[in-house]
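Undergrad: Below are the structure tokens for one structure; questions will follow.
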Amino acid sequence: MQSSRNRFGKTRKAIATSIAAALLVAGLGASSARADAAVITAITEVKDSVTTVNANVKALAGQVQLLQAAVAILTDSVSDQIAEILATQATLIATLAKIQAQLTALQKASAKKK
């Protein structure tokens, strides 16, 4: 069994052991009140652990939603930036093509003068 700790510092194994001990005490014919108290204590510990786990799961779900929203925003931002980069690249390519055409024209004109 895993031995992760709950917020009360008890491990799952310790809780399971206390439940088993409570059931064993109840089964061995110890005083009914004592056995009932042990079982109630064990059940209470389990309920507390389950409540804590449920609260942690809800908190994690909230964090996941925040992260999903952040990722969506970042994705939109990156998409916009990529679109701007591609537009700038297209403008630069067009400008370079014009410069290349002008250089070619100048080279032809220079060759005719010689």
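Scheme for the structure tokens: letters A, B, ... for chains in order shown; per-chain residue numbers from 1; ligand numbers from 1 in order shown.
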For Ile15 (chain A), list every protein, DNA or RNA residue within 9 Å, evaluated using only C-alpha atoms, and leave out those in the same chain fewer than 6 positions away; present the list as a compact mmCIF listing (two decimals) with N, CA and C atoms, in the first residue's frame.

TA:
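And here is the file that came out, part-v8.txt:
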```txt
# COMPACT_ATOMS: atom_id res chain seq x y z
N ALA A 42 -11.74 5.33 13.39
CA ALA A 42 -11.16 4.94 12.10
C ALA A 42 -12.00 5.47 10.94
N GLU A 45 -11.44 9.17 10.55
CA GLU A 45 -10.16 9.45 9.88
C GLU A 45 -10.28 9.26 8.38
N VAL A 46 -10.97 8.21 7.98
CA VAL A 46 -11.15 7.96 6.55
C VAL A 46 -11.99 9.08 5.92
```

Undergrad: Measure the distance from CA of Thr41 (chain A) to CA of Lys13 (chain A) in Å and round it to one decimal.

TA: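 Here the two named atoms are 15.5 Å from each other.
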